[in-house]
Amino acid sequence: MIKTKSLVFTLTAVVGVTISSIYLITEKASNISEPSKEIVSSSAANEETAENILGYKSKYGALPTSLRGTTIGNALQVDEYGNLVISIDLKDLFDYFLSTITEEDLDTILLRIDEYLTHYLQDPALSEAKAILTQYIEFKYSLMDFEKEMGEELAQMSQQDKVNGGYLRFLQQQMHQRNALRSQHLDIAVHEAFYEDEERYDEYTYARLLVTSDTSLSASEQQDRVVELQNALPEDVRNSIRKTQMTEELKIRTEELLENGGDHEQVRELRRDMFGDSAVQRFDELDQKRAAWNARVNSYLTQRTTLLNSDGLTEEELNFQVDDLRSSLFNKREQIRILGME
C-alpha cells in the first residue's frame with residue numbers, strides 16, 4: 001500500500017527535474033481573483049494545454065501548474081519483440097510527473113503515469129514499464145529512510161571529526177549504501193540504465209575530493225591527478241565537466257575584470273575569446289533577462305516594504321496585502337522563487 005504523506009519529503013528532496021528528454025518552457029500564468037466565466041474558459045484552456053503536452057485527453061484533468069508549457073520527448077521505446085527498451089529516458093519520464101508531488105497527491109500522480117504508459121504502450125512493454133515504476137517508487141521509500149538516518153548521523157559528527165577525514169568517509173559510506181539500495185530494489189538492467197553514468201561521476205567526484213584534500217601533494221600534482229581521473233570518464237561526461245569549468249572560470253575572470261575597472265564591452269570580448277562569437281549574443285540576452293528580472297524583484301520589494309510599514313493594519317491584513325501584491329506582479333512559477341528569496 002502506498003504511504004502518500006511519507007513519500008512527499010523524499011520526492012521533494014530527491015526527484016530533481018534535470019531531464020534530458022523533457023524541455024521546460026516558462027509559461028505566463030494569469031491570475032483570476034474571483035469566480036467568473038473566465039474560470040471556465042481558463043480551465044478548458046488548461047485541459048487543452050494538457051492534451052497538447054500529453055498527446056491525449058487525460059481523465060484526470062489539467063496538469064499541475066509547473067508542467068504547463070512543457071513538452072515531453074519520446075521516452076517510451078520498444079524493441080522488435082515488443083519489449084520495453086530500458087533507458088534513463090524512462091526514469092526522466094517518471095520524474096517528470098513525480099516532480100509535482102507538492103501540487104498533487106501521490107495517488108493522482110501515479111494514476112497519471114499509469115494513464116500515460118497505457119496510452120502509449122501495450123504488452124509486454126506495458127507490464128514491464130509498470131513493474132519498473134513499482135520498483136522505482138519502492139526505492140524512493142527506502143531512500144527516504146536512508147537519508148533520514150544519514151542526516152542524523154551527520155548531525156552527530158563533531159566538527160573535528162569532519163576535519164580529520166570523517167566527512168569524506170561519511171560521503172563514501174553514503175554513496176555506497178545508496179548504490180546498494182538501488183541494487184536491492186531495481187533490476188540490474190534498470191539500475192544500470194537509470195544510474196550508471198551518475199554513479200560513475202559520483203566516484204570521480206569522490207576521488208577528486210580525496211586528491212584535492214591531500215596536503216602532501218602540491219597544487220600542480222593535484223591538478224595532474226584530477227586530469228587523470230577526468231580522462232578515465234566517458235567522453236560526454238568529460239565534455240560536461242569542461243563546460244562547467246569554463247563557466248566557472250568565466251565567472252571568476254568577469255568579476256576580476258569588473259573589479260579592476262573593466263566595462264561591458266571588455267566582458268563581451270572575454271566571452272567571445274572563451275566561447276566564440278555565437279555565444280556572445282546568448283550571454284547578452286541572458287544579461288537582459290537577468291536585469292529585467294532584478295528590476296521587477298526590486299520594484300516588488302520596495303512596494304512590499306512600503307506595505308509592511310503601513311500603520312493601522314493587523315499583521316494578518318498586511319500579509320494578505322503582500323500576497324495580493326506578489327500574485328499581481330508574478331506568475332505562479334515566479335512566486336515560488338520570490339517566496340524563497342523572502
# chains A, B, ... in the order shown; residues from 1 in each chain; ligands from 1

$ residues_around --residues "Arg253 of chain A" --least-positions-apart "6" --cutoff "12 Å" --atoms "only C-alpha atoms" --output "number ranges by chain"
A: 246-247, 259-260, 262, 266-271, 273-274

$ residues_around --residues "Tyr201 of chain A" --least-positions-apart "5" --cutoff "10 Å" --atoms "only C-alpha atoms" --output "list in words"
Tyr195, Glu196, Tyr206, Ala207, Gln230, Leu233, Pro234, Val237, Arg238 and Ile241 of chain A

$ closest_residue --among "A:Asp105, A:Asp123, A:Asp187, A:Asp197" --to "Ile88 of chain A" --atoms "only C-alpha atoms"
A:Asp197

$ atom_distance --atom1 "atom CA of Tyr96 of chain A" --atom2 "atom CA of Leu67 of chain A"
8.2 Å

$ residues_around --residues "Ile109 of chain A" --least-positions-apart "6" --cutoff "9 Å" --atoms "only C-alpha atoms" --output "list in words"
Phe97, Leu98, Thr100 and Ile101 of chain A

$ write_last_selection --atoms "C-alpha atoms" --output "JSON list (two decimals), in the first residue's frame"
[["chain", "number", "residue", "atom", "x", "y", "z"],
["A", 97, "PHE", "CA", 5.27, 13.52, -13.19],
["A", 98, "LEU", "CA", 6.70, 12.94, -9.71],
["A", 100, "THR", "CA", 4.63, 17.72, -8.97],
["A", 101, "ILE", "CA", 4.46, 15.98, -5.58]]

$ select_by_dssp --residues "segment 65-251 of chain A" --states "strand (DSSP E or B)" --output "PDB file with C-alpha atoms, in the first residue's frame"
ATOM      1  CA  THR A  70       6.333  21.891 -21.151  1.00  0.00           C
ATOM      2  CA  THR A  71       6.899  19.210 -23.761  1.00  0.00           C
ATOM      3  CA  ILE A  72       7.700  15.519 -23.352  1.00  0.00           C
ATOM      4  CA  VAL A  78      10.098  -0.930 -27.662  1.00  0.00           C
ATOM      5  CA  LEU A  84      10.390  -2.161 -23.417  1.00  0.00           C
TER       6      LEU A  84
END

$ select_by_dssp --residues "segment 133-324 of chain A" --states "alpha helix (DSSP H)" --output "number ranges by chain"
A: 133-156, 159-161, 167-185, 188-212, 219-231, 235-259, 264-275, 277-308, 315-324

$ residues_around --residues "Asn83 of chain A" --least-positions-apart "5" --cutoff "10 Å" --atoms "only C-alpha atoms" --output "VMD selection string"
chain A and resid 77 to 78 121 to 129

$ residues_around --residues "segment 299-316 of chain A" --least-positions-apart "2" --cutoff "12 Å" --atoms "only C-alpha atoms" --output "MDAnalysis selection string"
chainID A and resid 292:297 318:330 335 338:339 341:342

$ write_last_selection --atoms "C-alpha atoms" --output "mmCIF file, in the first residue's frame"
data_model
loop_
_atom_site.group_PDB
_atom_site.id
_atom_site.type_symbol
_atom_site.label_atom_id
_atom_site.label_comp_id
_atom_site.auth_asym_id
_atom_site.auth_seq_id
_atom_site.Cartn_x
_atom_site.Cartn_y
_atom_site.Cartn_z
ATOM 1 C CA ALA A 292 14.720 42.739 -16.237
ATOM 2 C CA TRP A 293 14.059 40.144 -13.539
ATOM 3 C CA ASN A 294 16.148 42.017 -10.974
ATOM 4 C CA ALA A 295 14.290 45.240 -11.774
ATOM 5 C CA ARG A 296 10.936 43.527 -11.241
ATOM 6 C CA VAL A 297 12.111 41.981 -7.977
ATOM 7 C CA LEU A 318 -0.526 43.151 5.980
ATOM 8 C CA ASN A 319 0.298 39.598 4.939
ATOM 9 C CA PHE A 320 -2.886 39.432 2.883
ATOM 10 C CA GLN A 321 -1.957 42.620 1.024
ATOM 11 C CA VAL A 322 1.579 41.379 0.399
ATOM 12 C CA ASP A 323 0.172 38.130 -1.012
ATOM 13 C CA ASP A 324 -2.097 40.142 -3.304
ATOM 14 C CA LEU A 325 0.804 42.301 -4.449
ATOM 15 C CA ARG A 326 3.000 39.273 -5.147
ATOM 16 C CA SER A 327 0.303 37.466 -7.142
ATOM 17 C CA SER A 328 -0.427 40.601 -9.178
ATOM 18 C CA LEU A 329 3.199 41.013 -10.269
ATOM 19 C CA PHE A 330 4.406 37.419 -10.744
ATOM 20 C CA GLN A 335 6.004 33.438 -6.938
ATOM 21 C CA ILE A 338 10.075 35.166 -4.767
ATOM 22 C CA LEU A 339 8.893 33.321 -1.651
ATOM 23 C CA MET A 341 14.024 34.952 -1.680
ATOM 24 C CA GLU A 342 11.781 36.429 1.010
#

$ residues_around --residues "His191 of chain A" --least-positions-apart "5" --cutoff "7 Å" --atoms "only C-alpha atoms" --output "ChimeraX atom specification"
/A:182-183,186

$ atom_distance --atom1 "atom CA of Gln184 of chain A" --atom2 "atom CA of Gln135 of chain A"
9.6 Å

$ atom_distance --atom1 "atom CA of Tyr136 of chain A" --atom2 "atom CA of Glu192 of chain A"
13.1 Å

$ closest_residue --among "A:Leu133, A:Ala189, A:Leu76, A:Leu168" --to "Thr205 of chain A" --atoms "only C-alpha atoms"
A:Leu168

$ closest_residue --among "A:Met144, A:Ile188, A:Ala155, A:Leu90" --to "Lys130 of chain A" --atoms "only C-alpha atoms"
A:Leu90

$ decode --residues "segment 258-296 of chain A" --atoms "N, CA and C atoms" --output "PDB file, in the first residue's frame"
ATOM      1  N   LEU A 258      35.690  43.358 -13.859  1.00  0.00           N
ATOM      2  CA  LEU A 258      34.844  44.462 -13.415  1.00  0.00           C
ATOM      3  C   LEU A 258      35.422  45.150 -12.178  1.00  0.00           C
ATOM      4  N   GLU A 259      36.005  44.370 -11.288  1.00  0.00           N
ATOM      5  CA  GLU A 259      36.614  44.957 -10.092  1.00  0.00           C
ATOM      6  C   GLU A 259      37.791  45.852 -10.445  1.00  0.00           C
ATOM      7  N   ASN A 260      38.455  45.548 -11.558  1.00  0.00           N
ATOM      8  CA  ASN A 260      39.609  46.344 -11.988  1.00  0.00           C
ATOM      9  C   ASN A 260      39.229  47.449 -12.971  1.00  0.00           C
ATOM     10  N   GLY A 261      37.955  47.784 -13.034  1.00  0.00           N
ATOM     11  CA  GLY A 261      37.517  48.894 -13.855  1.00  0.00           C
ATOM     12  C   GLY A 261      37.107  48.540 -15.264  1.00  0.00           C
ATOM     13  N   GLY A 262      36.983  47.266 -15.587  1.00  0.00           N
ATOM     14  CA  GLY A 262      36.574  46.860 -16.918  1.00  0.00           C
ATOM     15  C   GLY A 262      35.127  47.220 -17.194  1.00  0.00           C
ATOM     16  N   ASP A 263      34.765  47.295 -18.474  1.00  0.00           N
ATOM     17  CA  ASP A 263      33.396  47.638 -18.831  1.00  0.00           C
ATOM     18  C   ASP A 263      32.729  46.462 -19.546  1.00  0.00           C
ATOM     19  N   HIS A 264      31.468  46.691 -19.971  1.00  0.00           N
ATOM     20  CA  HIS A 264      30.683  45.618 -20.577  1.00  0.00           C
ATOM     21  C   HIS A 264      31.296  45.120 -21.880  1.00  0.00           C
ATOM     22  N   GLU A 265      31.875  46.017 -22.669  1.00  0.00           N
ATOM     23  CA  GLU A 265      32.485  45.603 -23.933  1.00  0.00           C
ATOM     24  C   GLU A 265      33.669  44.671 -23.700  1.00  0.00           C
ATOM     25  N   GLN A 266      34.423  44.927 -22.657  1.00  0.00           N
ATOM     26  CA  GLN A 266      35.547  44.054 -22.331  1.00  0.00           C
ATOM     27  C   GLN A 266      35.049  42.691 -21.855  1.00  0.00           C
ATOM     28  N   VAL A 267      33.936  42.703 -21.136  1.00  0.00           N
ATOM     29  CA  VAL A 267      33.326  41.440 -20.716  1.00  0.00           C
ATOM     30  C   VAL A 267      32.885  40.643 -21.940  1.00  0.00           C
ATOM     31  N   ARG A 268      32.296  41.338 -22.930  1.00  0.00           N
ATOM     32  CA  ARG A 268      31.853  40.672 -24.155  1.00  0.00           C
ATOM     33  C   ARG A 268      33.036  40.073 -24.914  1.00  0.00           C
ATOM     34  N   GLU A 269      34.153  40.766 -24.927  1.00  0.00           N
ATOM     35  CA  GLU A 269      35.344  40.239 -25.591  1.00  0.00           C
ATOM     36  C   GLU A 269      35.871  39.000 -24.871  1.00  0.00           C
ATOM     37  N   LEU A 270      35.816  39.034 -23.551  1.00  0.00           N
ATOM     38  CA  LEU A 270      36.235  37.869 -22.766  1.00  0.00           C
ATOM     39  C   LEU A 270      35.354  36.674 -23.101  1.00  0.00           C
ATOM     40  N   ARG A 271      34.054  36.898 -23.175  1.00  0.00           N
ATOM     41  CA  ARG A 271      33.124  35.818 -23.516  1.00  0.00           C
ATOM     42  C   ARG A 271      33.397  35.286 -24.917  1.00  0.00           C
ATOM     43  N   ARG A 272      33.698  36.207 -25.850  1.00  0.00           N
ATOM     44  CA  ARG A 272      33.984  35.793 -27.224  1.00  0.00           C
ATOM     45  C   ARG A 272      35.248  34.938 -27.273  1.00  0.00           C
ATOM     46  N   ASP A 273      36.270  35.320 -26.522  1.00  0.00           N
ATOM     47  CA  ASP A 273      37.525  34.563 -26.507  1.00  0.00           C
ATOM     48  C   ASP A 273      37.326  33.154 -25.962  1.00  0.00           C
ATOM     49  N   MET A 274      36.446  33.021 -24.946  1.00  0.00           N
ATOM     50  CA  MET A 274      36.284  31.734 -24.281  1.00  0.00           C
ATOM     51  C   MET A 274      35.255  30.837 -24.947  1.00  0.00           C
ATOM     52  N   PHE A 275      34.186  31.441 -25.507  1.00  0.00           N
ATOM     53  CA  PHE A 275      33.080  30.622 -26.012  1.00  0.00           C
ATOM     54  C   PHE A 275      32.745  30.851 -27.478  1.00  0.00           C
ATOM     55  N   GLY A 276      33.374  31.835 -28.126  1.00  0.00           N
ATOM     56  CA  GLY A 276      33.119  32.070 -29.537  1.00  0.00           C
ATOM     57  C   GLY A 276      32.070  33.138 -29.789  1.00  0.00           C
ATOM     58  N   ASP A 277      31.997  33.580 -31.056  1.00  0.00           N
ATOM     59  CA  ASP A 277      31.088  34.669 -31.436  1.00  0.00           C
ATOM     60  C   ASP A 277      29.624  34.328 -31.176  1.00  0.00           C
ATOM     61  N   SER A 278      29.241  33.078 -31.479  1.00  0.00           N
ATOM     62  CA  SER A 278      27.825  32.716 -31.365  1.00  0.00           C
ATOM     63  C   SER A 278      27.326  32.784 -29.930  1.00  0.00           C
ATOM     64  N   ALA A 279      28.232  32.624 -28.960  1.00  0.00           N
ATOM     65  CA  ALA A 279      27.810  32.623 -27.558  1.00  0.00           C
ATOM     66  C   ALA A 279      27.613  34.030 -27.017  1.00  0.00           C
ATOM     67  N   VAL A 280      28.252  35.024 -27.640  1.00  0.00           N
ATOM     68  CA  VAL A 280      28.183  36.385 -27.124  1.00  0.00           C
ATOM     69  C   VAL A 280      26.742  36.885 -27.090  1.00  0.00           C
ATOM     70  N   GLN A 281      25.998  36.645 -28.166  1.00  0.00           N
ATOM     71  CA  GLN A 281      24.602  37.094 -28.215  1.00  0.00           C
ATOM     72  C   GLN A 281      23.765  36.397 -27.145  1.00  0.00           C
ATOM     73  N   ARG A 282      24.018  35.116 -26.940  1.00  0.00           N
ATOM     74  CA  ARG A 282      23.255  34.389 -25.918  1.00  0.00           C
ATOM     75  C   ARG A 282      23.535  34.968 -24.532  1.00  0.00           C
ATOM     76  N   PHE A 283      24.794  35.302 -24.274  1.00  0.00           N
ATOM     77  CA  PHE A 283      25.134  35.921 -22.990  1.00  0.00           C
ATOM     78  C   PHE A 283      24.456  37.284 -22.854  1.00  0.00           C
ATOM     79  N   ASP A 284      24.428  38.063 -23.960  1.00  0.00           N
ATOM     80  CA  ASP A 284      23.773  39.373 -23.915  1.00  0.00           C
ATOM     81  C   ASP A 284      22.293  39.231 -23.590  1.00  0.00           C
ATOM     82  N   GLU A 285      21.640  38.249 -24.221  1.00  0.00           N
ATOM     83  CA  GLU A 285      20.216  38.027 -23.966  1.00  0.00           C
ATOM     84  C   GLU A 285      19.984  37.609 -22.519  1.00  0.00           C
ATOM     85  N   LEU A 286      20.902  36.781 -22.009  1.00  0.00           N
ATOM     86  CA  LEU A 286      20.791  36.355 -20.616  1.00  0.00           C
ATOM     87  C   LEU A 286      20.963  37.535 -19.674  1.00  0.00           C
ATOM     88  N   ASP A 287      21.908  38.432 -19.991  1.00  0.00           N
ATOM     89  CA  ASP A 287      22.103  39.634 -19.179  1.00  0.00           C
ATOM     90  C   ASP A 287      20.834  40.476 -19.143  1.00  0.00           C
ATOM     91  N   GLN A 288      20.203  40.620 -20.309  1.00  0.00           N
ATOM     92  CA  GLN A 288      18.991  41.433 -20.393  1.00  0.00           C
ATOM     93  C   GLN A 288      17.858  40.828 -19.571  1.00  0.00           C
ATOM     94  N   LYS A 289      17.705  39.498 -19.675  1.00  0.00           N
ATOM     95  CA  LYS A 289      16.657  38.828 -18.902  1.00  0.00           C
ATOM     96  C   LYS A 289      16.927  38.954 -17.404  1.00  0.00           C
ATOM     97  N   ARG A 290      18.188  38.794 -17.035  1.00  0.00           N
ATOM     98  CA  ARG A 290      18.538  38.889 -15.614  1.00  0.00           C
ATOM     99  C   ARG A 290      18.303  40.307 -15.092  1.00  0.00           C
ATOM    100  N   ALA A 291      18.661  41.310 -15.899  1.00  0.00           N
ATOM    101  CA  ALA A 291      18.454  42.696 -15.484  1.00  0.00           C
ATOM    102  C   ALA A 291      16.965  43.006 -15.344  1.00  0.00           C
ATOM    103  N   ALA A 292      16.163  42.508 -16.302  1.00  0.00           N
ATOM    104  CA  ALA A 292      14.720  42.739 -16.237  1.00  0.00           C
ATOM    105  C   ALA A 292      14.121  42.072 -15.006  1.00  0.00           C
ATOM    106  N   TRP A 293      14.555  40.858 -14.719  1.00  0.00           N
ATOM    107  CA  TRP A 293      14.059  40.144 -13.539  1.00  0.00           C
ATOM    108  C   TRP A 293      14.445  40.883 -12.260  1.00  0.00           C
ATOM    109  N   ASN A 294      15.698  41.309 -12.168  1.00  0.00           N
ATOM    110  CA  ASN A 294      16.148  42.017 -10.974  1.00  0.00           C
ATOM    111  C   ASN A 294      15.367  43.314 -10.776  1.00  0.00           C
ATOM    112  N   ALA A 295      15.062  43.996 -11.875  1.00  0.00           N
ATOM    113  CA  ALA A 295      14.290  45.240 -11.774  1.00  0.00           C
ATOM    114  C   ALA A 295      12.888  44.959 -11.241  1.00  0.00           C
ATOM    115  N   ARG A 296      12.267  43.894 -11.724  1.00  0.00           N
ATOM    116  CA  ARG A 296      10.936  43.527 -11.241  1.00  0.00           C
ATOM    117  C   ARG A 296      10.976  43.162  -9.759  1.00  0.00           C
TER     118      ARG A 296
END
